[in-house]
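This is query.json (JSON, N, CA and C atoms).
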```json
[["chain", "number", "residue", "atom", "x", "y", "z"],
["A", 1235, "MET", "N", 39.56, -7.48, 8.95],
["A", 1235, "MET", "CA", 39.00, -6.15, 9.14],
["A", 1235, "MET", "C", 37.64, -6.06, 8.43],
["A", 1236, "GLN", "N", 36.65, -5.54, 9.13],
["A", 1236, "GLN", "CA", 35.31, -5.45, 8.58],
["A", 1236, "GLN", "C", 35.19, -4.31, 7.58],
["A", 1237, "SER", "N", 34.40, -4.55, 6.56],
["A", 1237, "SER", "CA", 34.16, -3.49, 5.58],
["A", 1237, "SER", "C", 33.29, -2.41, 6.20],
["A", 1238, "ARG", "N", 33.36, -1.22, 5.65],
["A", 1238, "ARG", "CA", 32.53, -0.11, 6.15],
["A", 1238, "ARG", "C", 31.05, -0.42, 6.01],
["A", 1239, "LEU", "N", 30.67, -1.08, 4.90],
["A", 1239, "LEU", "CA", 29.28, -1.42, 4.68],
["A", 1239, "LEU", "C", 28.77, -2.34, 5.79],
["A", 1240, "LEU", "N", 29.54, -3.39, 6.10],
["A", 1240, "LEU", "CA", 29.14, -4.32, 7.15],
["A", 1240, "LEU", "C", 29.07, -3.62, 8.50],
["A", 1241, "GLN", "N", 30.01, -2.74, 8.78],
["A", 1241, "GLN", "CA", 29.97, -1.97, 10.03],
["A", 1241, "GLN", "C", 28.72, -1.10, 10.09],
["A", 1242, "SER", "N", 28.39, -0.48, 8.97],
["A", 1242, "SER", "CA", 27.21, 0.38, 8.91],
["A", 1242, "SER", "C", 25.93, -0.43, 9.13],
["A", 1243, "ILE", "N", 25.86, -1.61, 8.51],
["A", 1243, "ILE", "CA", 24.68, -2.47, 8.67],
["A", 1243, "ILE", "C", 24.54, -2.89, 10.13],
["A", 1244, "ARG", "N", 25.63, -3.33, 10.72],
["A", 1244, "ARG", "CA", 25.57, -3.76, 12.12],
["A", 1244, "ARG", "C", 25.19, -2.61, 13.05],
["A", 1245, "SER", "N", 25.71, -1.42, 12.76],
["A", 1245, "SER", "CA", 25.37, -0.25, 13.56],
["A", 1245, "SER", "C", 23.88, 0.07, 13.44],
["A", 1246, "THR", "N", 23.36, -0.01, 12.22],
["A", 1246, "THR", "CA", 21.94, 0.25, 11.99],
["A", 1246, "THR", "C", 21.08, -0.77, 12.71],
["A", 1247, "VAL", "N", 21.47, -2.03, 12.66],
["A", 1247, "VAL", "CA", 20.73, -3.10, 13.32],
["A", 1247, "VAL", "C", 20.71, -2.86, 14.83],
["A", 1248, "ARG", "N", 21.85, -2.54, 15.41],
["A", 1248, "ARG", "CA", 21.91, -2.27, 16.85],
["A", 1248, "ARG", "C", 21.00, -1.10, 17.21],
["A", 1249, "ALA", "N", 21.03, -0.05, 16.41],
["A", 1249, "ALA", "CA", 20.19, 1.13, 16.68],
["A", 1249, "ALA", "C", 18.71, 0.78, 16.54],
["A", 1250, "THR", "N", 18.37, -0.04, 15.55],
["A", 1250, "THR", "CA", 16.99, -0.43, 15.34],
["A", 1250, "THR", "C", 16.48, -1.28, 16.51],
["A", 1251, "LEU", "N", 17.30, -2.21, 16.95],
["A", 1251, "LEU", "CA", 16.89, -3.08, 18.05],
["A", 1251, "LEU", "C", 16.80, -2.32, 19.37],
["A", 1252, "ALA", "N", 17.51, -1.22, 19.50],
["A", 1252, "ALA", "CA", 17.51, -0.45, 20.73],
["A", 1252, "ALA", "C", 16.31, 0.49, 20.83],
["A", 1253, "ARG", "N", 15.62, 0.71, 19.73],
["A", 1253, "ARG", "CA", 14.48, 1.63, 19.73],
["A", 1253, "ARG", "C", 13.32, 1.05, 20.52],
["A", 1254, "PRO", "N", 12.55, 1.90, 21.20],
["A", 1254, "PRO", "CA", 11.36, 1.41, 21.89],
["A", 1254, "PRO", "C", 10.30, 0.99, 20.88],
["A", 1255, "ARG", "N", 9.37, 0.19, 21.32],
["A", 1255, "ARG", "CA", 8.28, -0.24, 20.44],
["A", 1255, "ARG", "C", 7.49, 0.95, 19.93],
["A", 1256, "GLY", "N", 6.86, 0.79, 18.77],
["A", 1256, "GLY", "CA", 6.08, 1.86, 18.18],
["A", 1256, "GLY", "C", 4.84, 2.17, 18.99],
["A", 1257, "THR", "N", 4.14, 3.20, 18.59],
["A", 1257, "THR", "CA", 2.94, 3.60, 19.32],
["A", 1257, "THR", "C", 1.68, 3.40, 18.51],
["A", 1258, "TYR", "N", 1.76, 2.73, 17.38],
["A", 1258, "TYR", "CA", 0.60, 2.56, 16.51],
["A", 1258, "TYR", "C", 0.18, 1.09, 16.49],
["A", 1259, "GLY", "N", -1.11, 0.85, 16.48],
["A", 1259, "GLY", "CA", -1.62, -0.52, 16.36],
["A", 1259, "GLY", "C", -1.34, -1.34, 17.60],
["A", 1260, "LYS", "N", -0.93, -2.57, 17.40],
["A", 1260, "LYS", "CA", -0.70, -3.48, 18.50],
["A", 1260, "LYS", "C", 0.72, -3.40, 19.06],
["A", 1261, "ASN", "N", 1.51, -2.43, 18.58],
["A", 1261, "ASN", "CA", 2.89, -2.28, 19.02],
["A", 1261, "ASN", "C", 3.71, -3.54, 18.79],
["A", 1262, "THR", "N", 3.45, -4.22, 17.69],
["A", 1262, "THR", "CA", 4.19, -5.42, 17.37],
["A", 1262, "THR", "C", 5.56, -5.05, 16.85],
["A", 1263, "PRO", "N", 6.62, -5.43, 17.56],
["A", 1263, "PRO", "CA", 7.95, -5.05, 17.12],
["A", 1263, "PRO", "C", 8.39, -5.87, 15.91],
["A", 1264, "THR", "N", 9.28, -5.31, 15.12],
["A", 1264, "THR", "CA", 9.90, -6.04, 14.03],
["A", 1264, "THR", "C", 11.10, -6.78, 14.60],
["A", 1265, "VAL", "N", 11.23, -8.04, 14.30],
["A", 1265, "VAL", "CA", 12.34, -8.84, 14.78],
["A", 1265, "VAL", "C", 13.33, -9.01, 13.65],
["A", 1266, "ILE", "N", 14.60, -8.89, 13.95],
["A", 1266, "ILE", "CA", 15.64, -9.09, 12.95],
["A", 1266, "ILE", "C", 16.38, -10.37, 13.30],
["A", 1267, "ASN", "N", 16.42, -11.33, 12.38],
["A", 1267, "ASN", "CA", 17.10, -12.59, 12.67],
["A", 1267, "ASN", "C", 18.59, -12.49, 12.42],
["A", 1268, "LYS", "N", 19.32, -13.57, 12.62],
["A", 1268, "LYS", "CA", 20.78, -13.56, 12.50],
["A", 1268, "LYS", "C", 21.27, -13.23, 11.10],
["A", 1269, "ASN", "N", 20.44, -13.44, 10.09],
["A", 1269, "ASN", "CA", 20.82, -13.14, 8.71],
["A", 1269, "ASN", "C", 20.48, -11.71, 8.32],
["A", 1270, "LEU", "N", 20.14, -10.88, 9.30],
["A", 1270, "LEU", "CA", 19.78, -9.48, 9.09],
["A", 1270, "LEU", "C", 18.55, -9.31, 8.21],
["A", 1271, "GLU", "N", 17.63, -10.27, 8.26],
["A", 1271, "GLU", "CA", 16.38, -10.18, 7.51],
["A", 1271, "GLU", "C", 15.28, -9.75, 8.47],
["A", 1272, "HIS", "N", 14.39, -8.90, 8.00],
["A", 1272, "HIS", "CA", 13.25, -8.48, 8.82],
["A", 1272, "HIS", "C", 12.20, -9.60, 8.82],
["A", 1273, "VAL", "N", 11.67, -9.90, 9.97],
["A", 1273, "VAL", "CA", 10.67, -10.94, 10.12],
["A", 1273, "VAL", "C", 9.51, -10.36, 10.92],
["A", 1274, "MET", "N", 8.30, -10.48, 10.40],
["A", 1274, "MET", "CA", 7.13, -10.03, 11.16],
["A", 1274, "MET", "C", 6.81, -11.07, 12.22],
["A", 1275, "THR", "N", 6.41, -10.60, 13.40],
["A", 1275, "THR", "CA", 6.10, -11.54, 14.47],
["A", 1275, "THR", "C", 4.69, -12.10, 14.34],
["A", 1276, "GLU", "N", 3.75, -11.34, 13.78],
["A", 1276, "GLU", "CA", 2.41, -11.85, 13.58],
["A", 1276, "GLU", "C", 1.70, -11.06, 12.49],
["A", 1277, "VAL", "N", 0.81, -11.71, 11.79],
["A", 1277, "VAL", "CA", -0.01, -11.03, 10.79],
["A", 1277, "VAL", "C", -1.26, -10.54, 11.51],
["A", 1278, "VAL", "N", -1.53, -9.25, 11.41],
["A", 1278, "VAL", "CA", -2.65, -8.65, 12.12],
["A", 1278, "VAL", "C", -3.91, -8.65, 11.27],
["A", 1279, "TYR", "N", -3.76, -8.46, 9.95],
["A", 1279, "TYR", "CA", -4.94, -8.36, 9.09],
["A", 1279, "TYR", "C", -4.57, -8.75, 7.66],
["A", 1280, "VAL", "N", -5.46, -9.48, 7.02],
["A", 1280, "VAL", "CA", -5.33, -9.82, 5.60],
["A", 1280, "VAL", "C", -6.61, -9.37, 4.92],
["A", 1281, "SER", "N", -6.50, -8.46, 3.96],
["A", 1281, "SER", "CA", -7.67, -7.95, 3.26],
["A", 1281, "SER", "C", -8.13, -8.96, 2.22],
["A", 1282, "LYS", "N", -9.40, -9.26, 2.23],
["A", 1282, "LYS", "CA", -10.00, -10.17, 1.25],
["A", 1282, "LYS", "C", -10.77, -9.32, 0.24],
["A", 1283, "SER", "N", -10.07, -8.80, -0.74],
["A", 1283, "SER", "CA", -10.66, -7.94, -1.76],
["A", 1283, "SER", "C", -10.68, -8.66, -3.10],
["A", 1284, "ARG", "N", -11.62, -8.28, -3.94],
["A", 1284, "ARG", "CA", -11.71, -8.85, -5.28],
["A", 1284, "ARG", "C", -11.95, -7.72, -6.26],
["A", 1285, "ILE", "N", -11.19, -7.70, -7.35],
["A", 1285, "ILE", "CA", -11.31, -6.66, -8.37],
["A", 1285, "ILE", "C", -11.81, -7.30, -9.67],
["A", 1286, "GLU", "N", -12.81, -6.69, -10.27],
["A", 1286, "GLU", "CA", -13.31, -7.11, -11.59],
["A", 1286, "GLU", "C", -12.94, -6.04, -12.60],
["A", 1287, "ARG", "N", -12.23, -6.40, -13.63],
["A", 1287, "ARG", "CA", -11.94, -5.45, -14.71],
["A", 1287, "ARG", "C", -13.08, -5.56, -15.71],
["A", 1288, "LYS", "N", -13.77, -4.45, -15.94],
["A", 1288, "LYS", "CA", -14.91, -4.46, -16.85],
["A", 1288, "LYS", "C", -14.47, -4.16, -18.28],
["A", 1289, "ARG", "N", -14.21, -2.91, -18.57],
["A", 1289, "ARG", "CA", -13.74, -2.53, -19.91],
["A", 1289, "ARG", "C", -12.89, -1.27, -19.76],
["A", 1290, "GLY", "N", -11.82, -1.22, -20.51],
["A", 1290, "GLY", "CA", -10.92, -0.08, -20.41],
["A", 1290, "GLY", "C", -10.46, 0.12, -18.98],
["A", 1291, "PRO", "N", -10.54, 1.34, -18.47],
["A", 1291, "PRO", "CA", -10.08, 1.60, -17.11],
["A", 1291, "PRO", "C", -11.14, 1.32, -16.03],
["A", 1292, "LEU", "N", -12.33, 0.87, -16.42],
["A", 1292, "LEU", "CA", -13.42, 0.65, -15.46],
["A", 1292, "LEU", "C", -13.20, -0.65, -14.69],
["A", 1293, "ARG", "N", -13.15, -0.53, -13.35],
["A", 1293, "ARG", "CA", -12.96, -1.68, -12.47],
["A", 1293, "ARG", "C", -13.97, -1.62, -11.33],
["A", 1294, "ILE", "N", -14.39, -2.78, -10.89],
["A", 1294, "ILE", "CA", -15.31, -2.89, -9.76],
["A", 1294, "ILE", "C", -14.56, -3.61, -8.64],
["A", 1295, "ALA", "N", -14.52, -2.97, -7.46],
["A", 1295, "ALA", "CA", -13.83, -3.57, -6.31],
["A", 1295, "ALA", "C", -14.85, -4.02, -5.28],
["A", 1296, "HIS", "N", -14.70, -5.24, -4.84],
["A", 1296, "HIS", "CA", -15.52, -5.78, -3.75],
["A", 1296, "HIS", "C", -14.62, -5.78, -2.52],
["A", 1297, "LEU", "N", -14.93, -4.86, -1.59],
["A", 1297, "LEU", "CA", -14.06, -4.62, -0.44],
["A", 1297, "LEU", "C", -14.75, -5.03, 0.86],
["A", 1298, "PRO", "N", -13.98, -5.57, 1.79],
["A", 1298, "PRO", "CA", -14.57, -5.89, 3.09],
["A", 1298, "PRO", "C", -15.04, -4.61, 3.79],
["A", 1299, "GLY", "N", -16.17, -4.67, 4.45],
["A", 1299, "GLY", "CA", -16.68, -3.51, 5.15],
["A", 1299, "GLY", "C", -17.54, -2.60, 4.30],
["A", 1300, "GLU", "N", -17.62, -2.88, 3.02],
["A", 1300, "GLU", "CA", -18.45, -2.07, 2.12],
["A", 1300, "GLU", "C", -19.62, -2.91, 1.62],
["A", 1301, "PRO", "N", -20.86, -2.46, 1.86],
["A", 1301, "PRO", "CA", -22.01, -3.26, 1.43],
["A", 1301, "PRO", "C", -22.19, -3.27, -0.09],
["A", 1302, "GLN", "N", -21.75, -2.21, -0.76],
["A", 1302, "GLN", "CA", -21.86, -2.13, -2.22],
["A", 1302, "GLN", "C", -20.47, -2.13, -2.84],
["A", 1303, "PRO", "N", -20.34, -2.65, -4.06],
["A", 1303, "PRO", "CA", -19.04, -2.59, -4.74],
["A", 1303, "PRO", "C", -18.60, -1.15, -4.96],
["A", 1304, "VAL", "N", -17.31, -0.94, -5.02],
["A", 1304, "VAL", "CA", -16.72, 0.38, -5.25],
["A", 1304, "VAL", "C", -16.26, 0.42, -6.71],
["A", 1305, "VAL", "N", -16.63, 1.48, -7.42],
["A", 1305, "VAL", "CA", -16.30, 1.60, -8.84],
["A", 1305, "VAL", "C", -15.09, 2.52, -8.99],
["A", 1306, "TYR", "N", -14.08, 2.04, -9.72],
["A", 1306, "TYR", "CA", -12.89, 2.82, -10.04],
["A", 1306, "TYR", "C", -12.83, 3.04, -11.54],
["A", 1307, "SER", "N", -12.29, 4.16, -11.94],
["A", 1307, "SER", "CA", -12.06, 4.42, -13.36],
["A", 1307, "SER", "C", -11.01, 5.52, -13.45],
["A", 1308, "VAL", "N", -11.11, 6.35, -14.44],
["A", 1308, "VAL", "CA", -10.25, 7.53, -14.57],
["A", 1308, "VAL", "C", -11.13, 8.72, -14.92],
["A", 1309, "HIS", "N", -10.57, 9.90, -14.78],
["A", 1309, "HIS", "CA", -11.31, 11.12, -15.11],
["A", 1309, "HIS", "C", -10.31, 12.21, -15.45],
["A", 1310, "GLY", "N", -10.78, 13.20, -16.16],
["A", 1310, "GLY", "CA", -10.01, 14.41, -16.45],
["A", 1310, "GLY", "C", -8.54, 14.21, -16.78],
["A", 1311, "ALA", "N", -7.69, 14.87, -15.98],
["A", 1311, "ALA", "CA", -6.24, 14.86, -16.22],
["A", 1311, "ALA", "C", -5.65, 13.46, -16.12],
["A", 1312, "ILE", "N", -6.22, 12.64, -15.26],
["A", 1312, "ILE", "CA", -5.71, 11.27, -15.13],
["A", 1312, "ILE", "C", -5.99, 10.49, -16.41],
["A", 1313, "ALA", "N", -7.17, 10.66, -16.97],
["A", 1313, "ALA", "CA", -7.50, 10.00, -18.24],
["A", 1313, "ALA", "C", -6.55, 10.47, -19.34],
["A", 1314, "GLU", "N", -6.31, 11.76, -19.39],
["A", 1314, "GLU", "CA", -5.40, 12.30, -20.41],
["A", 1314, "GLU", "C", -3.99, 11.77, -20.23],
["A", 1315, "HIS", "N", -3.54, 11.67, -18.98],
["A", 1315, "HIS", "CA", -2.19, 11.14, -18.72],
["A", 1315, "HIS", "C", -2.04, 9.73, -19.26],
["A", 1316, "TYR", "N", -3.07, 8.91, -19.10],
["A", 1316, "TYR", "CA", -3.03, 7.53, -19.57],
["A", 1316, "TYR", "C", -3.52, 7.39, -21.02],
["A", 1317, "LYS", "N", -3.64, 8.52, -21.71],
["A", 1317, "LYS", "CA", -4.03, 8.55, -23.12],
["A", 1317, "LYS", "C", -5.42, 7.97, -23.36],
["A", 1318, "VAL", "N", -6.32, 8.20, -22.41],
["A", 1318, "VAL", "CA", -7.72, 7.82, -22.56],
["A", 1318, "VAL", "C", -8.49, 9.10, -22.85],
["A", 1319, "ASP", "N", -9.18, 9.11, -23.95],
["A", 1319, "ASP", "CA", -9.95, 10.30, -24.33],
["A", 1319, "ASP", "C", -11.12, 10.46, -23.36],
["A", 1320, "PRO", "N", -11.12, 11.53, -22.53],
["A", 1320, "PRO", "CA", -12.21, 11.72, -21.56],
["A", 1320, "PRO", "C", -13.59, 11.77, -22.22],
["A", 1321, "ALA", "N", -13.67, 12.24, -23.46],
["A", 1321, "ALA", "CA", -14.95, 12.31, -24.16],
["A", 1321, "ALA", "C", -15.49, 10.92, -24.50],
["A", 1322, "LYS", "N", -14.60, 9.94, -24.61],
["A", 1322, "LYS", "CA", -15.01, 8.59, -24.97],
["A", 1322, "LYS", "C", -15.29, 7.70, -23.76],
["A", 1323, "LEU", "N", -15.05, 8.22, -22.57],
["A", 1323, "LEU", "CA", -15.34, 7.43, -21.37],
["A", 1323, "LEU", "C", -16.85, 7.28, -21.20],
["A", 1324, "GLU", "N", -17.31, 6.04, -21.09],
["A", 1324, "GLU", "CA", -18.74, 5.83, -20.85],
["A", 1324, "GLU", "C", -19.09, 6.25, -19.43],
["A", 1325, "GLU", "N", -18.19, 5.95, -18.49],
["A", 1325, "GLU", "CA", -18.39, 6.29, -17.09],
["A", 1325, "GLU", "C", -17.10, 6.90, -16.54],
["A", 1326, "SER", "N", -17.21, 8.02, -15.89],
["A", 1326, "SER", "CA", -16.07, 8.65, -15.26],
["A", 1326, "SER", "C", -16.22, 8.50, -13.75],
["A", 1327, "HIS", "N", -15.22, 7.92, -13.12],
["A", 1327, "HIS", "CA", -15.25, 7.69, -11.66],
["A", 1327, "HIS", "C", -13.91, 8.07, -11.07],
["A", 1328, "ALA", "N", -13.86, 8.13, -9.75],
["A", 1328, "ALA", "CA", -12.60, 8.37, -9.06],
["A", 1328, "ALA", "C", -11.61, 7.25, -9.42],
["A", 1329, "SER", "N", -10.34, 7.61, -9.46],
["A", 1329, "SER", "CA", -9.32, 6.62, -9.76],
["A", 1329, "SER", "C", -8.77, 6.05, -8.46],
["A", 1330, "THR", "N", -7.98, 5.02, -8.59],
["A", 1330, "THR", "CA", -7.38, 4.41, -7.39],
["A", 1330, "THR", "C", -6.53, 5.42, -6.65],
["A", 1331, "ILE", "N", -5.83, 6.29, -7.37],
["A", 1331, "ILE", "CA", -4.98, 7.28, -6.69],
["A", 1331, "ILE", "C", -5.84, 8.26, -5.88],
["A", 1332, "ASP", "N", -7.04, 8.56, -6.33],
["A", 1332, "ASP", "CA", -7.94, 9.41, -5.55],
["A", 1332, "ASP", "C", -8.26, 8.77, -4.20],
["A", 1333, "TYR", "N", -8.50, 7.47, -4.21],
["A", 1333, "TYR", "CA", -8.79, 6.77, -2.95],
["A", 1333, "TYR", "C", -7.56, 6.70, -2.05],
["A", 1334, "VAL", "N", -6.39, 6.46, -2.64],
["A", 1334, "VAL", "CA", -5.16, 6.41, -1.84],
["A", 1334, "VAL", "C", -4.89, 7.75, -1.18],
["A", 1335, "ILE", "N", -5.02, 8.84, -1.93],
["A", 1335, "ILE", "CA", -4.80, 10.17, -1.38],
["A", 1335, "ILE", "C", -5.82, 10.48, -0.28],
["A", 1336, "SER", "N", -7.07, 10.15, -0.50],
["A", 1336, "SER", "CA", -8.10, 10.38, 0.50],
["A", 1336, "SER", "C", -7.84, 9.59, 1.77],
["A", 1337, "ALA", "N", -7.45, 8.34, 1.62],
["A", 1337, "ALA", "CA", -7.17, 7.49, 2.79],
["A", 1337, "ALA", "C", -5.95, 8.00, 3.55],
["A", 1338, "THR", "N", -4.94, 8.46, 2.84],
["A", 1338, "THR", "CA", -3.72, 8.96, 3.47],
["A", 1338, "THR", "C", -3.99, 10.27, 4.19],
["A", 1339, "ALA", "N", -4.80, 11.12, 3.59],
["A", 1339, "ALA", "CA", -5.07, 12.44, 4.18],
["A", 1339, "ALA", "C", -6.04, 12.35, 5.34],
["A", 1340, "GLY", "N", -6.85, 11.29, 5.37],
["A", 1340, "GLY", "CA", -7.90, 11.17, 6.37],
["A", 1340, "GLY", "C", -7.39, 10.85, 7.71]]
```
What's the structure tokens form of this structure?
Amino acid sequence: MQSRLLQSIRSTVRATLARPRGTYGKNTPTVINKNLEHVMTEVVYVSKSRIERKRGPLRIAHLPGEPQPVVYSVHGAIAEHYKVDPAKLEESHASTIDYVISATAG
């Protein structure tokens, strides 16, 4: 007799495989092999980024598609959260979370 967990997993797998392909990007479906592991069918993009840590929270990112490096740091409430005195910051810049939120909202 099969355990409830195994039945649930098999049911989820059947439901996942029955779904139509997505509508975003190249519509590359996720394939599930016999061991119930997710396997990507193809890699669409690999970002070639490089981060330089300067001092404290100051970082310089070299990103594809950007002609100039992008500067990350902390500011205001984020600096206080990480126990960085905002008055002692030589340079205050947007933090990585600012970029993530902007990219997600855009």
| field | Test item: residues at most 8 Å from Ala1311 of chain A, only N, CA and C atoms, excluding those fewer than 5 positions along its chain, as a PyMOL selection string | value | chain A and resi 1316-1317+1320
Output the selection as a PDB file, keeping the file's coordinate frame - N, CA and C atoms for each residue.
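Saved file out.pdb follows:
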```pdb
ATOM      1  N   TYR A1316      -3.070   8.910 -19.100  1.00  0.00           N
ATOM      2  CA  TYR A1316      -3.030   7.530 -19.570  1.00  0.00           C
ATOM      3  C   TYR A1316      -3.520   7.390 -21.020  1.00  0.00           C
ATOM      4  N   LYS A1317      -3.640   8.520 -21.710  1.00  0.00           N
ATOM      5  CA  LYS A1317      -4.030   8.550 -23.120  1.00  0.00           C
ATOM      6  C   LYS A1317      -5.420   7.970 -23.360  1.00  0.00           C
ATOM      7  N   PRO A1320     -11.120  11.530 -22.530  1.00  0.00           N
ATOM      8  CA  PRO A1320     -12.210  11.720 -21.560  1.00  0.00           C
ATOM      9  C   PRO A1320     -13.590  11.770 -22.220  1.00  0.00           C
TER      10      PRO A1320
END
```
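Take atom N of Lys1322 of chain A and atom C of Lys1288 of chain A: the distance between them is 15.5 Å.
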Output as JSON the centre and edge lengths (Å, one decimal) of the box along x, y and z of the file that holds every listed atom of segment 1290-1309 of chain A after adding 4 Å on each side.
```
{"center_x": -16.1, "center_y": 3.2, "center_z": -7.7, "size_x": 20.1, "size_y": 26.1, "size_z": 33.7}
```
| field | Nearest residue to Leu1323 of chain A from the set A:Ile1335, A:His1309, A:Val1304, A:His1296 (distances using only C-alpha atoms) | value |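 Once distances to Leu1323 of chain A are computed over only C-alpha atoms, the minimum belongs to A:His1309.
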| task | Name all residues at most 12 Å from Ser1281 of chain A (count only C-alpha atoms; drop same-chain ones fewer than 4 positions away) and give them as number ranges by chain. | result | A: 1277, 1296-1299
